[in-house]
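Reading through the structure tokens given below for one structure.
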Amino acid sequence: MADRIVASIEARMGSSRLPGKVLMDIHGKPALARLVDRLRACRTLTDIVVATSTDPRDNAIADWAQAYGVAVFRGSEEDVLDRVVKAQAFMNSDIVVEITGDCPLLDPEIIDLGVESFLANSCDILTNARIESYPAGTDVQVYRLAALQDVAVRIDDPAVREHVTLYFYENPDLYRCINILAPAALRWPGLRCQLDYAEDLEFIRAVYANLMPQHGPLFGLPVLIDLLKRKPELAAINRHCVEKAAR
């Protein structure tokens with residue numbers, strides 16, 4: 001039987017920088033809907049699950065997911081590793097495609113490339129997020145659920161429990177990681193395509209407003225980069241925003 005390949009979306013309402021960001025409107029749909037639509041366009045995925053928490057604030061996410069026809073699992077808010085493991089087990093997954101809920105500009109072609117490359121190679125994890133080359137927010141991470149379950153049983157490190165794949169990357173003697181690098185035309189590691197700050201929301205809304213009329217809602221990274229080369233003022237909207245390190 002073919003492997004069940006499931007994308008799990010980590011999403012919660014309690015973001016410290018932009019609370020409720022995953023359900024904020026982007027050109028007529030919540031950010032999560034934009035992300036789910038893009039994942040539904042992937043050729044390689046068997047299914048999708050939204051992995052949210054049991055916090056009452058996340059009732060809104062669970063209600064939205066049910067209404068939108070996407071599976072939802074509710075687990076620990078702080079122990080993200082445990083939440084992802086249980087969400088994927090709930091889906092009877094073999095292979096995990098780990099997605100964070102703040103990526104409404106994710107390119108389905110990059111997800112498919114990641115999954116196909118993982119299946120074609122002997123590795124424990126495949127990613128384009130560890131070595132910066134693609135824009136932030138167009139990330140793909142692919143690995144087997146069994147490997148993550150093993151980490152969840154053995155490792156109590158708070159950073160690992162929060163940053164799900166950190167143990168894989170910090171132990172290269174135990175896990176073989178394949179890094180995908182962006183081709184020259186898509187290489188823009190300083191570009192922010194993720195939703196963490198109000199400025200990110202302004203940027204993403206501007207991108208959709210510019211591209212949807214001609215290209216529809218599932219435009220890919222090549223079209224996005226072409227837009228920003230023509231209108232560099234858009235990329236400047238959130239250029240000053242930064243991410244905190246895992247440690």
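Starting from 1 in every chain, residues are counted up; chains themselves are A, B, ... following the order of the structure tokens, and ligands are numbered from 1 as listed.
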Excluding segment 94-99 of chain A and residues on its chain fewer than 3 positions from it, collect all residues at most 6 Å away from it, counting only C-alpha atoms, and give them as a count of residues only. 12
For segment 183-193 of chain A: contacts at 9 Å, only C-alpha atoms, fewer than 6 positions along chain excluded, given as a PDB file with all heavy atoms, in the first residue's frame:
```pdb
ATOM      1  N   ASP A 102       0.972  30.027   9.536  1.00  0.00           N
ATOM      2  CA  ASP A 102       1.239  31.418   9.151  1.00  0.00           C
ATOM      3  C   ASP A 102       1.824  31.539   7.749  1.00  0.00           C
ATOM      4  O   ASP A 102       2.589  32.454   7.467  1.00  0.00           O
ATOM      5  CB  ASP A 102       2.186  32.068  10.167  1.00  0.00           C
ATOM      6  CG  ASP A 102       3.477  31.294  10.375  1.00  0.00           C
ATOM      7  OD1 ASP A 102       3.689  30.284   9.679  1.00  0.00           O
ATOM      8  OD2 ASP A 102       4.277  31.694  11.248  1.00  0.00           O
ATOM      9  N   CYS A 103       1.455  30.614   6.846  1.00  0.00           N
ATOM     10  CA  CYS A 103       2.061  30.575   5.501  1.00  0.00           C
ATOM     11  C   CYS A 103       1.009  30.620   4.394  1.00  0.00           C
ATOM     12  O   CYS A 103       0.907  29.683   3.586  1.00  0.00           O
ATOM     13  CB  CYS A 103       2.928  29.329   5.355  1.00  0.00           C
ATOM     14  SG  CYS A 103       4.310  29.240   6.503  1.00  0.00           S
ATOM     15  N   PRO A 104       0.227  31.692   4.293  1.00  0.00           N
ATOM     16  CA  PRO A 104      -0.817  31.742   3.266  1.00  0.00           C
ATOM     17  C   PRO A 104      -0.299  32.011   1.856  1.00  0.00           C
ATOM     18  O   PRO A 104      -1.108  32.125   0.926  1.00  0.00           O
ATOM     19  CB  PRO A 104      -1.718  32.893   3.743  1.00  0.00           C
ATOM     20  CG  PRO A 104      -0.808  33.783   4.524  1.00  0.00           C
ATOM     21  CD  PRO A 104       0.170  32.863   5.201  1.00  0.00           C
ATOM     22  N   LEU A 105       1.025  32.095   1.684  1.00  0.00           N
ATOM     23  CA  LEU A 105       1.619  32.239   0.353  1.00  0.00           C
ATOM     24  C   LEU A 105       2.400  30.991  -0.055  1.00  0.00           C
ATOM     25  O   LEU A 105       3.189  31.016  -1.004  1.00  0.00           O
ATOM     26  CB  LEU A 105       2.533  33.470   0.300  1.00  0.00           C
ATOM     27  CG  LEU A 105       1.817  34.823   0.378  1.00  0.00           C
ATOM     28  CD1 LEU A 105       2.824  35.959   0.519  1.00  0.00           C
ATOM     29  CD2 LEU A 105       0.933  35.053  -0.849  1.00  0.00           C
ATOM     30  N   LEU A 106       2.181  29.902   0.648  1.00  0.00           N
ATOM     31  CA  LEU A 106       2.875  28.645   0.347  1.00  0.00           C
ATOM     32  C   LEU A 106       2.610  28.229  -1.105  1.00  0.00           C
ATOM     33  O   LEU A 106       1.489  28.323  -1.589  1.00  0.00           O
ATOM     34  CB  LEU A 106       2.369  27.565   1.297  1.00  0.00           C
ATOM     35  CG  LEU A 106       3.251  26.358   1.565  1.00  0.00           C
ATOM     36  CD1 LEU A 106       4.534  26.760   2.263  1.00  0.00           C
ATOM     37  CD2 LEU A 106       2.486  25.360   2.421  1.00  0.00           C
ATOM     38  N   GLU A 132      18.922  28.872   4.445  1.00  0.00           N
ATOM     39  CA  GLU A 132      18.078  29.914   3.882  1.00  0.00           C
ATOM     40  C   GLU A 132      18.391  30.145   2.410  1.00  0.00           C
ATOM     41  O   GLU A 132      19.507  30.468   2.040  1.00  0.00           O
ATOM     42  CB  GLU A 132      18.257  31.217   4.665  1.00  0.00           C
ATOM     43  CG  GLU A 132      17.756  31.144   6.097  1.00  0.00           C
ATOM     44  CD  GLU A 132      17.839  32.478   6.805  1.00  0.00           C
ATOM     45  OE1 GLU A 132      18.268  33.465   6.168  1.00  0.00           O
ATOM     46  OE2 GLU A 132      17.484  32.547   7.986  1.00  0.00           O
ATOM     47  N   SER A 133      17.385  29.945   1.582  1.00  0.00           N
ATOM     48  CA  SER A 133      17.494  30.260   0.158  1.00  0.00           C
ATOM     49  C   SER A 133      16.114  30.663  -0.379  1.00  0.00           C
ATOM     50  O   SER A 133      16.003  31.644  -1.102  1.00  0.00           O
ATOM     51  CB  SER A 133      18.081  29.086  -0.633  1.00  0.00           C
ATOM     52  OG  SER A 133      17.224  27.962  -0.614  1.00  0.00           O
ATOM     53  N   TYR A 134      15.090  29.912  -0.005  1.00  0.00           N
ATOM     54  CA  TYR A 134      13.725  30.293  -0.344  1.00  0.00           C
ATOM     55  C   TYR A 134      13.241  31.411   0.587  1.00  0.00           C
ATOM     56  O   TYR A 134      13.743  31.554   1.704  1.00  0.00           O
ATOM     57  CB  TYR A 134      12.781  29.103  -0.191  1.00  0.00           C
ATOM     58  CG  TYR A 134      12.826  28.093  -1.309  1.00  0.00           C
ATOM     59  CD1 TYR A 134      13.637  26.960  -1.217  1.00  0.00           C
ATOM     60  CD2 TYR A 134      12.048  28.255  -2.448  1.00  0.00           C
ATOM     61  CE1 TYR A 134      13.668  26.016  -2.242  1.00  0.00           C
ATOM     62  CE2 TYR A 134      12.074  27.311  -3.471  1.00  0.00           C
ATOM     63  CZ  TYR A 134      12.883  26.203  -3.363  1.00  0.00           C
ATOM     64  OH  TYR A 134      12.913  25.280  -4.371  1.00  0.00           O
ATOM     65  N   PRO A 135      12.245  32.181   0.169  1.00  0.00           N
ATOM     66  CA  PRO A 135      11.654  33.164   1.077  1.00  0.00           C
ATOM     67  C   PRO A 135      11.075  32.499   2.322  1.00  0.00           C
ATOM     68  O   PRO A 135      10.568  31.372   2.256  1.00  0.00           O
ATOM     69  CB  PRO A 135      10.542  33.794   0.232  1.00  0.00           C
ATOM     70  CG  PRO A 135      10.970  33.588  -1.184  1.00  0.00           C
ATOM     71  CD  PRO A 135      11.664  32.263  -1.194  1.00  0.00           C
ATOM     72  N   ALA A 136      11.152  33.179   3.450  1.00  0.00           N
ATOM     73  CA  ALA A 136      10.527  32.683   4.677  1.00  0.00           C
ATOM     74  C   ALA A 136       9.018  32.601   4.474  1.00  0.00           C
ATOM     75  O   ALA A 136       8.396  33.534   3.959  1.00  0.00           O
ATOM     76  CB  ALA A 136      10.853  33.613   5.835  1.00  0.00           C
ATOM     77  N   GLY A 137       8.449  31.464   4.883  1.00  0.00           N
ATOM     78  CA  GLY A 137       7.016  31.272   4.703  1.00  0.00           C
ATOM     79  C   GLY A 137       6.658  30.433   3.495  1.00  0.00           C
ATOM     80  O   GLY A 137       5.476  30.207   3.217  1.00  0.00           O
ATOM     81  N   THR A 138       7.692  29.954   2.781  1.00  0.00           N
ATOM     82  CA  THR A 138       7.461  29.001   1.685  1.00  0.00           C
ATOM     83  C   THR A 138       8.175  27.693   2.025  1.00  0.00           C
ATOM     84  O   THR A 138       8.774  27.053   1.179  1.00  0.00           O
ATOM     85  CB  THR A 138       7.965  29.560   0.341  1.00  0.00           C
ATOM     86  OG1 THR A 138       9.378  29.815   0.418  1.00  0.00           O
ATOM     87  CG2 THR A 138       7.246  30.856  -0.015  1.00  0.00           C
ATOM     88  N   ASP A 200       3.239  42.114   8.100  1.00  0.00           N
ATOM     89  CA  ASP A 200       3.149  40.922   7.246  1.00  0.00           C
ATOM     90  C   ASP A 200       1.754  40.808   6.636  1.00  0.00           C
ATOM     91  O   ASP A 200       1.600  40.472   5.452  1.00  0.00           O
ATOM     92  CB  ASP A 200       3.445  39.650   8.048  1.00  0.00           C
ATOM     93  CG  ASP A 200       4.867  39.589   8.575  1.00  0.00           C
ATOM     94  OD1 ASP A 200       5.762  40.181   7.943  1.00  0.00           O
ATOM     95  OD2 ASP A 200       5.077  38.928   9.611  1.00  0.00           O
ATOM     96  N   PHE A 203       1.419  43.246   3.853  1.00  0.00           N
ATOM     97  CA  PHE A 203       2.160  42.765   2.678  1.00  0.00           C
ATOM     98  C   PHE A 203       1.388  41.667   1.952  1.00  0.00           C
ATOM     99  O   PHE A 203       1.215  41.707   0.727  1.00  0.00           O
ATOM    100  CB  PHE A 203       3.533  42.248   3.117  1.00  0.00           C
ATOM    101  CG  PHE A 203       4.246  41.429   2.086  1.00  0.00           C
ATOM    102  CD1 PHE A 203       4.851  42.037   1.000  1.00  0.00           C
ATOM    103  CD2 PHE A 203       4.308  40.043   2.194  1.00  0.00           C
ATOM    104  CE1 PHE A 203       5.503  41.280   0.029  1.00  0.00           C
ATOM    105  CE2 PHE A 203       4.967  39.278   1.235  1.00  0.00           C
ATOM    106  CZ  PHE A 203       5.559  39.902   0.149  1.00  0.00           C
ATOM    107  N   ILE A 204       0.916  40.669   2.690  1.00  0.00           N
ATOM    108  CA  ILE A 204       0.224  39.527   2.075  1.00  0.00           C
ATOM    109  C   ILE A 204      -1.067  39.969   1.402  1.00  0.00           C
ATOM    110  O   ILE A 204      -1.399  39.526   0.300  1.00  0.00           O
ATOM    111  CB  ILE A 204      -0.023  38.435   3.133  1.00  0.00           C
ATOM    112  CG1 ILE A 204       1.320  37.817   3.575  1.00  0.00           C
ATOM    113  CG2 ILE A 204      -0.952  37.350   2.590  1.00  0.00           C
ATOM    114  CD1 ILE A 204       1.233  36.964   4.821  1.00  0.00           C
ATOM    115  N   LEU A 221       5.265  30.969  -6.467  1.00  0.00           N
ATOM    116  CA  LEU A 221       6.383  31.824  -6.090  1.00  0.00           C
ATOM    117  C   LEU A 221       6.998  32.559  -7.284  1.00  0.00           C
ATOM    118  O   LEU A 221       7.373  33.731  -7.142  1.00  0.00           O
ATOM    119  CB  LEU A 221       7.435  31.001  -5.356  1.00  0.00           C
ATOM    120  CG  LEU A 221       8.609  31.769  -4.745  1.00  0.00           C
ATOM    121  CD1 LEU A 221       8.143  32.858  -3.798  1.00  0.00           C
ATOM    122  CD2 LEU A 221       9.561  30.800  -4.034  1.00  0.00           C
ATOM    123  N   PRO A 222       7.130  31.953  -8.468  1.00  0.00           N
ATOM    124  CA  PRO A 222       7.698  32.711  -9.593  1.00  0.00           C
ATOM    125  C   PRO A 222       6.910  33.978  -9.912  1.00  0.00           C
ATOM    126  O   PRO A 222       7.499  35.042 -10.162  1.00  0.00           O
ATOM    127  CB  PRO A 222       7.649  31.708 -10.753  1.00  0.00           C
ATOM    128  CG  PRO A 222       7.706  30.366 -10.090  1.00  0.00           C
ATOM    129  CD  PRO A 222       6.905  30.539  -8.835  1.00  0.00           C
ATOM    130  N   ILE A 225       7.500  36.596  -7.077  1.00  0.00           N
ATOM    131  CA  ILE A 225       8.807  37.254  -7.168  1.00  0.00           C
ATOM    132  C   ILE A 225       8.836  38.239  -8.330  1.00  0.00           C
ATOM    133  O   ILE A 225       9.389  39.349  -8.213  1.00  0.00           O
ATOM    134  CB  ILE A 225       9.929  36.201  -7.281  1.00  0.00           C
ATOM    135  CG1 ILE A 225      10.120  35.532  -5.909  1.00  0.00           C
ATOM    136  CG2 ILE A 225      11.227  36.827  -7.766  1.00  0.00           C
ATOM    137  CD1 ILE A 225      11.185  34.464  -5.872  1.00  0.00           C
ATOM    138  N   ALA A 235       7.769  44.712  -1.087  1.00  0.00           N
ATOM    139  CA  ALA A 235       8.673  43.912  -0.256  1.00  0.00           C
ATOM    140  C   ALA A 235       9.212  44.714   0.920  1.00  0.00           C
ATOM    141  O   ALA A 235       9.656  44.129   1.920  1.00  0.00           O
ATOM    142  CB  ALA A 235       9.826  43.380  -1.101  1.00  0.00           C
ATOM    143  N   ASN A 238       7.296  44.824   5.061  1.00  0.00           N
ATOM    144  CA  ASN A 238       7.579  44.035   6.267  1.00  0.00           C
ATOM    145  C   ASN A 238       9.049  43.635   6.364  1.00  0.00           C
ATOM    146  O   ASN A 238       9.396  42.717   7.105  1.00  0.00           O
ATOM    147  CB  ASN A 238       6.694  42.790   6.312  1.00  0.00           C
ATOM    148  CG  ASN A 238       6.923  41.863   5.117  1.00  0.00           C
ATOM    149  OD1 ASN A 238       7.571  42.236   4.141  1.00  0.00           O
ATOM    150  ND2 ASN A 238       6.391  40.664   5.195  1.00  0.00           N
ATOM    151  N   ARG A 239       9.898  44.329   5.633  1.00  0.00           N
ATOM    152  CA  ARG A 239      11.313  43.940   5.579  1.00  0.00           C
ATOM    153  C   ARG A 239      11.989  44.023   6.944  1.00  0.00           C
ATOM    154  O   ARG A 239      12.914  43.277   7.239  1.00  0.00           O
ATOM    155  CB  ARG A 239      12.054  44.833   4.573  1.00  0.00           C
ATOM    156  CG  ARG A 239      13.520  44.471   4.367  1.00  0.00           C
ATOM    157  CD  ARG A 239      14.142  45.355   3.317  1.00  0.00           C
ATOM    158  NE  ARG A 239      13.547  45.130   2.005  1.00  0.00           N
ATOM    159  CZ  ARG A 239      13.364  46.090   1.090  1.00  0.00           C
ATOM    160  NH1 ARG A 239      13.722  47.322   1.346  1.00  0.00           N
ATOM    161  NH2 ARG A 239      12.825  45.792  -0.081  1.00  0.00           N
ATOM    162  N   CYS A 241      10.749  43.288   9.865  1.00  0.00           N
ATOM    163  CA  CYS A 241      10.258  42.303  10.831  1.00  0.00           C
ATOM    164  C   CYS A 241      11.232  41.124  10.905  1.00  0.00           C
ATOM    165  O   CYS A 241      11.780  40.691   9.897  1.00  0.00           O
ATOM    166  CB  CYS A 241       8.880  41.804  10.437  1.00  0.00           C
ATOM    167  SG  CYS A 241       7.613  43.107  10.357  1.00  0.00           S
ATOM    168  N   VAL A 242      11.438  40.600  12.112  1.00  0.00           N
ATOM    169  CA  VAL A 242      12.398  39.526  12.309  1.00  0.00           C
ATOM    170  C   VAL A 242      11.781  38.407  13.139  1.00  0.00           C
ATOM    171  O   VAL A 242      10.820  38.604  13.886  1.00  0.00           O
ATOM    172  CB  VAL A 242      13.684  40.016  13.024  1.00  0.00           C
ATOM    173  CG1 VAL A 242      14.410  41.024  12.144  1.00  0.00           C
ATOM    174  CG2 VAL A 242      13.350  40.642  14.369  1.00  0.00           C
TER     175      VAL A 242
END
```
In segment 2-134 of chain A, DSSP strand (DSSP E or B) residues written as a VMD selection string: chain A and resid 5 to 10 25 to 26 29 to 30 47 to 53 71 to 75 95 to 100 125 to 127
Nearest-residue call for Pro108 of chain A, choices A:Met1, A:Val72, A:Leu81, A:Val36, using only C-alpha atoms: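 That would be A:Val36, the residue with the smallest distance to Pro108 of chain A.
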Using only C-alpha atoms, pick whichever of A:Ala146, A:Ile111, A:Ala31, A:Asp196 has the shortest atom-to-atom distance to Gly14 of chain A. A:Asp196
